[in-house]
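J.: Structure: structure02.csv, CSV, C-alpha atoms.
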chain,number,residue,atom,x,y,z
A,1,MET,CA,189.2,204.7,31.2
A,2,ILE,CA,188.7,201.1,32.3
A,3,ASP,CA,186.3,198.9,30.3
A,4,LYS,CA,184.8,196.9,33.2
A,5,ALA,CA,183.0,194.5,30.9
A,6,LYS,CA,186.3,193.4,29.3
A,7,SER,CA,187.9,192.8,32.6
A,8,ILE,CA,184.8,191.0,34.0
A,9,ASP,CA,184.8,188.7,30.9
A,10,LEU,CA,188.5,187.8,31.4
A,11,LEU,CA,188.0,187.3,35.1
A,12,ASN,CA,185.0,185.0,34.5
A,13,LYS,CA,187.0,182.9,32.0
A,14,ALA,CA,189.6,182.5,34.7
A,15,VAL,CA,186.9,181.4,37.1
A,16,ALA,CA,185.8,178.7,34.7
A,17,ASP,CA,189.4,177.5,34.3
A,18,GLU,CA,189.9,177.4,38.1
A,19,LEU,CA,186.6,175.6,38.7
A,20,GLN,CA,187.6,173.1,36.0
A,21,ALA,CA,190.9,172.5,37.8
A,22,VAL,CA,189.1,172.0,41.2
A,23,HIS,CA,186.8,169.4,39.7
A,24,GLN,CA,189.5,167.6,37.8
A,25,TYR,CA,191.9,167.5,40.7
A,26,MET,CA,189.3,166.3,43.2
A,27,TYR,CA,188.5,163.5,40.7
A,28,PHE,CA,192.2,162.6,40.6
A,29,HIS,CA,192.4,162.8,44.4
A,30,PHE,CA,189.5,160.4,44.9
A,31,HIS,CA,191.0,157.8,42.5
A,32,LEU,CA,194.5,158.1,43.8
A,33,ASP,CA,193.3,157.7,47.3
A,34,ASP,CA,191.3,154.7,46.3
A,35,GLN,CA,194.4,153.2,44.6
A,36,GLY,CA,196.5,153.7,47.8
A,37,PHE,CA,198.6,156.6,46.6
A,38,ALA,CA,198.0,158.9,49.6
A,39,PRO,CA,200.9,161.4,49.0
A,40,LEU,CA,199.9,161.9,45.4
A,41,ALA,CA,196.2,162.1,46.3
A,42,ASP,CA,197.0,164.7,49.0
A,43,LEU,CA,199.0,166.8,46.5
A,44,PHE,CA,195.9,167.0,44.2
A,45,LYS,CA,193.6,167.8,47.1
A,46,ARG,CA,196.0,170.6,48.3
A,47,VAL,CA,196.2,172.1,44.9
A,48,ALA,CA,192.4,171.9,44.4
A,49,ILE,CA,192.0,173.8,47.6
A,50,GLN,CA,194.5,176.5,46.4
A,51,GLU,CA,192.5,176.7,43.1
A,52,MET,CA,189.4,177.3,45.2
A,53,GLY,CA,191.2,180.3,46.7
A,54,HIS,CA,191.9,181.5,43.2
A,55,VAL,CA,188.1,181.3,42.4
A,56,GLU,CA,187.5,183.4,45.5
A,57,LYS,CA,190.0,186.1,44.5
A,58,LEU,CA,188.6,186.3,41.0
A,59,ALA,CA,185.0,186.5,42.3
A,60,GLU,CA,185.9,189.3,44.7
A,61,ARG,CA,187.4,191.3,41.8
A,62,ILE,CA,184.4,190.6,39.6
A,63,LEU,CA,182.0,191.7,42.3
A,64,PHE,CA,184.1,194.9,43.0
A,65,LEU,CA,183.7,195.7,39.3
A,66,LYS,CA,180.0,195.3,39.7
A,67,GLY,CA,179.9,192.1,37.6
A,68,ASP,CA,178.3,188.7,38.2
A,69,VAL,CA,180.3,185.6,38.8
A,70,THR,CA,179.2,183.0,36.2
A,71,MET,CA,180.5,179.9,37.9
A,72,ALA,CA,180.7,177.9,34.6
A,73,LEU,CA,183.1,175.1,34.1
A,74,ALA,CA,185.6,175.3,31.2
A,75,GLY,CA,184.8,171.7,30.2
A,76,PRO,CA,184.0,168.2,31.4
A,77,VAL,CA,186.1,166.3,33.9
A,78,GLU,CA,188.4,163.9,32.1
A,79,ARG,CA,188.2,160.3,33.4
A,80,ILE,CA,191.8,159.5,33.8
A,81,THR,CA,192.7,156.9,36.4
A,82,ASP,CA,196.4,156.3,35.6
A,83,PRO,CA,198.7,158.4,37.9
A,84,ALA,CA,201.1,159.4,35.1
A,85,GLY,CA,198.2,160.4,32.9
A,86,MET,CA,196.7,162.4,35.8
A,87,LEU,CA,200.0,164.3,36.3
A,88,GLU,CA,200.3,164.9,32.5
A,89,LYS,CA,196.8,166.4,32.4
A,90,ALA,CA,197.4,168.5,35.5
A,91,ALA,CA,200.7,169.9,34.1
A,92,GLN,CA,198.9,170.7,30.9
A,93,LEU,CA,196.1,172.5,32.7
A,94,GLU,CA,198.5,174.5,34.8
A,95,GLU,CA,200.8,175.4,31.8
A,96,GLY,CA,197.7,176.5,29.8
A,97,SER,CA,196.4,178.6,32.7
A,98,ALA,CA,199.7,180.3,33.2
A,99,HIS,CA,199.8,181.2,29.5
A,100,ASP,CA,196.2,182.5,29.4
A,101,TYR,CA,196.7,184.5,32.6
A,102,ASN,CA,199.8,186.1,31.3
A,103,LEU,CA,197.8,187.3,28.3
A,104,ALA,CA,194.9,188.4,30.5
A,105,ALA,CA,197.3,190.4,32.6
A,106,VAL,CA,198.7,192.2,29.6
A,107,GLU,CA,195.1,192.9,28.3
A,108,CYS,CA,194.0,194.2,31.7
A,109,GLY,CA,197.1,196.5,31.8
A,110,ALA,CA,196.2,197.8,28.4
A,111,ASN,CA,192.7,198.3,29.6
A,112,ALA,CA,193.9,200.6,32.5
A,113,ASP,CA,192.8,197.9,35.1
A,114,ALA,CA,196.0,197.5,37.2
A,115,ALA,CA,194.2,195.7,40.0
A,116,SER,CA,192.9,192.9,37.7
A,117,ARG,CA,196.3,192.8,36.1
A,118,GLN,CA,197.9,192.2,39.5
A,119,VAL,CA,195.4,189.4,40.3
A,120,PHE,CA,196.3,187.7,37.0
A,121,GLU,CA,200.0,188.2,37.6
A,122,GLN,CA,199.7,186.5,41.0
A,123,LEU,CA,197.8,183.6,39.5
A,124,VAL,CA,200.5,183.1,36.9
A,125,THR,CA,203.0,182.7,39.7
A,126,ASP,CA,200.8,180.2,41.5
A,127,GLU,CA,200.0,178.2,38.4
A,128,GLU,CA,203.7,177.9,37.5
A,129,GLY,CA,204.3,176.6,41.0
A,130,HIS,CA,201.6,174.0,40.6
A,131,TYR,CA,203.0,173.0,37.2
A,132,ASP,CA,206.4,172.5,38.8
A,133,LEU,CA,204.9,170.3,41.5
A,134,PHE,CA,203.1,168.1,39.0
A,135,ASP,CA,206.1,168.0,36.6
A,136,LYS,CA,208.4,166.9,39.3
A,137,GLN,CA,206.1,164.0,40.3
A,138,LEU,CA,205.8,163.0,36.6
A,139,ASP,CA,209.6,163.1,36.3
A,140,ASN,CA,209.9,160.8,39.3
A,141,ILE,CA,207.5,158.3,37.7
A,142,ARG,CA,209.5,158.4,34.5
A,143,ARG,CA,212.8,158.0,36.3
A,144,PHE,CA,211.8,155.3,38.8
A,145,GLY,CA,208.8,153.7,37.2
A,146,PRO,CA,206.4,151.6,39.1
A,147,ASN,CA,208.8,151.5,42.1
A,148,TYR,CA,208.1,155.2,42.7
A,149,LEU,CA,204.4,154.6,42.9
A,150,ALA,CA,204.9,151.5,45.0
A,151,LEU,CA,206.7,153.7,47.6
A,152,GLN,CA,203.8,156.1,47.5
A,153,SER,CA,201.4,153.2,48.6
A,154,PHE,CA,203.7,152.4,51.6
A,155,SER,CA,204.0,155.9,52.9
A,156,ALA,CA,200.4,156.0,54.1
A,157,GLU,CA,199.7,154.9,57.6
A,158,PRO,CA,197.6,151.7,57.7
A,159,PRO,CA,194.0,152.2,58.7
A,160,GLU,CA,193.2,151.7,62.4
A,161,GLU,CA,191.3,148.5,63.2
A,162,GLU,CA,187.8,148.9,64.5
A,163,ALA,CA,187.4,147.6,68.1
How would this structure read if it were set down as structure tokens?
T.:
Amino acid sequence: MIDKAKSIDLLNKAVADELQAVHQYMYFHFHLDDQGFAPLADLFKRVAIQEMGHVEKLAERILFLKGDVTMALAGPVERITDPAGMLEKAAQLEEGSAHDYNLAAVECGANADAASRQVFEQLVTDEEGHYDLFDKQLDNIRRFGPNYLALQSFSAEPPEEEA
């Protein structure tokens, strides 16, 4: 028989991780946009929106199990403004989440909660994809150095002049 409290606890821990990522990535988005790195800023914004979708999936499952969504953050937003540092932090967050969600999937399976297990398995796939996106950008910065970031600043369209 399923232990709903155990599944709800695992799902709420994942909600906290996902909300942490949303806050962190939007912080990065704002700073990268301000620095003129539009493509990289947009990457963080897109991933933050995907993470919001994860929160919604997790919340729906928690509510189905008759639990309450805690909406807590896993920790404070780190004030990193260097693009390479941002990508390193993001890759670290995604790798950690994929690891934790793998363990949660196994635990839900052992708890006879196949539906929550499937939610976690899908999250693992998504987080690994996010890790890959951030890791590739970080590799490009390492390979091409400041030139890669300079190209990022030129790929944005100039702002339109006010009439």
J.: Give me, as a PyMOL selection string, all polymer residues having an atom no more than 12 Å from A:Asp82, counting all atoms listed in the file and skipping those fewer than 3 positions away in the same chain.
T.: chain A and resi 27-29+31-32+34-35+37+40+78-79+85-89+138+141+146+149
J.: Excluding A:Asp100 and any residue of its chain fewer than 5 positions from it, enumerate the residues within 9 Å of it, using all atoms listed in the file, and give them as an MDAnalysis selection string.
T.: chainID A and resid 14 95 105 124
J.: Using only C-alpha atoms, find the one residue out of A:Asp3, A:Asp126, A:Asp33, A:Asp135 that sits nearest to A:Ser97.
T.: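 Closest candidate: A:Asp126.
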J.: What is the distance, in Å and to one decimal place, between atom CA of A:Phe44 and atom CA of A:Asp9?
T.: 27.8 Å
J.: Name all residues at most 8 Å from A:Leu11 (count all atoms listed in the file; drop same-chain ones fewer than 2 positions away) and give them as a PDB file with C-alpha atoms, in the coordinates of the input.
T.:
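out.pdb written:
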ATOM      1  CA  SER A   7     187.900 192.800  32.600  1.00  0.00           C
ATOM      2  CA  ILE A   8     184.800 191.000  34.000  1.00  0.00           C
ATOM      3  CA  ASP A   9     184.800 188.700  30.900  1.00  0.00           C
ATOM      4  CA  LYS A  13     187.000 182.900  32.000  1.00  0.00           C
ATOM      5  CA  ALA A  14     189.600 182.500  34.700  1.00  0.00           C
ATOM      6  CA  VAL A  15     186.900 181.400  37.100  1.00  0.00           C
ATOM      7  CA  LEU A  58     188.600 186.300  41.000  1.00  0.00           C
ATOM      8  CA  ALA A  59     185.000 186.500  42.300  1.00  0.00           C
ATOM      9  CA  ARG A  61     187.400 191.300  41.800  1.00  0.00           C
ATOM     10  CA  ILE A  62     184.400 190.600  39.600  1.00  0.00           C
ATOM     11  CA  SER A 116     192.900 192.900  37.700  1.00  0.00           C
TER      12      SER A 116
END
J.: Tell me which of A:Ala150, A:Glu128, A:Leu10, A:Phe144 sits closest to A:Leu93, counting only C-alpha atoms.
T.: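 Using only C-alpha atoms, A:Leu93 sits closest to A:Glu128.
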J.: Pick from A:His54, A:His23, A:His130, A:Arg143: nearest to A:Gly75, with only C-alpha atoms counted?
T.: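 Closest to A:Gly75 of all the choices is A:His23.
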J.: Grab the atom CA of A:Ala115 to atom CA of A:Ala98 distance for me, in Å with one decimal place.
T.: 17.7 Å
J.: Under the rule that all atoms listed in the file are counted, which of A:Asn12, A:Asn111, A:Gln122, A:Gln50 is the nearest residue to A:Ala72?
T.: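 Closest to A:Ala72, using all atoms listed in the file: A:Asn12.
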J.: With distances taken over only C-alpha atoms, which of A:Asp113, A:Glu56, A:Glu94, A:Asp68 is nearest to A:Gln24?
T.: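 Closest candidate: A:Glu94.
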J.: Please determine, counting only C-alpha atoms, which residue among A:Val119, A:Ala74, A:Ala5, A:Leu133 has the shortest atom-to-atom distance to A:Val106.
T.: A:Val119
